[in-house]
Amino acid sequence: MSDNAHDGFHYSERDVQREVTELEGKSATAARIFDLRRIIGGLFVLYGVIVTITGITDSQSAIDKAQGVNINLWTGIGMLLLGVFFLVWLKLRPMQTPPAVSPEEEQGE
């Protein structure tokens, strides 16, 4: 009986390196997609649009309830500004993925 459980599978160093590079690329893409700034910014923009439209279409009685302040309009504008801030921040300072550690560097530690 052999000590190696994977006798039928022989991977070259090139195959392993290619697989690692592919997985690192997928990981970096997933990290960019799920960056919290994108999620928070998108939600604030979406809800900001909804609340701003509500504020624009508010009746005078709803404004009078808030002591004459169109609170939906101002809150919606604030939410829009915050959401745009997060999205601009994401665009100007994209998330940096740490550099990959090569197998040679790993063995040297």
# chains A, B, ... in the order shown; residues from 1 in each chain; ligands from 1

$ residues_around --residues "segment 36-38 of chain A" --least-positions-apart "5" --cutoff "7 Å" --atoms "only C-alpha atoms" --output "list in words"
Phe86, Leu87 and Leu90 of chain A

$ closest_residue --among "A:Leu92, A:Leu81, A:Ile56, A:Ile71" --to "Gly41 of chain A" --atoms "only C-alpha atoms"
A:Leu81

$ atom_distance --atom1 "atom CA of Arg93 of chain A" --atom2 "atom CA of Val49 of chain A"
24.8 Å

$ residues_around --residues "Trp74 of chain A" --least-positions-apart "3" --cutoff "8 Å" --atoms "only C-alpha atoms" --output "MDAnalysis selection string"
chainID A and resid 52 55 70:71 77:78

$ select_by_dssp --residues "segment 39-109 of chain A" --states "alpha helix (DSSP H)" --output "PyMOL selection string"
chain A and resi 39-56+60-65+71-92+103-108
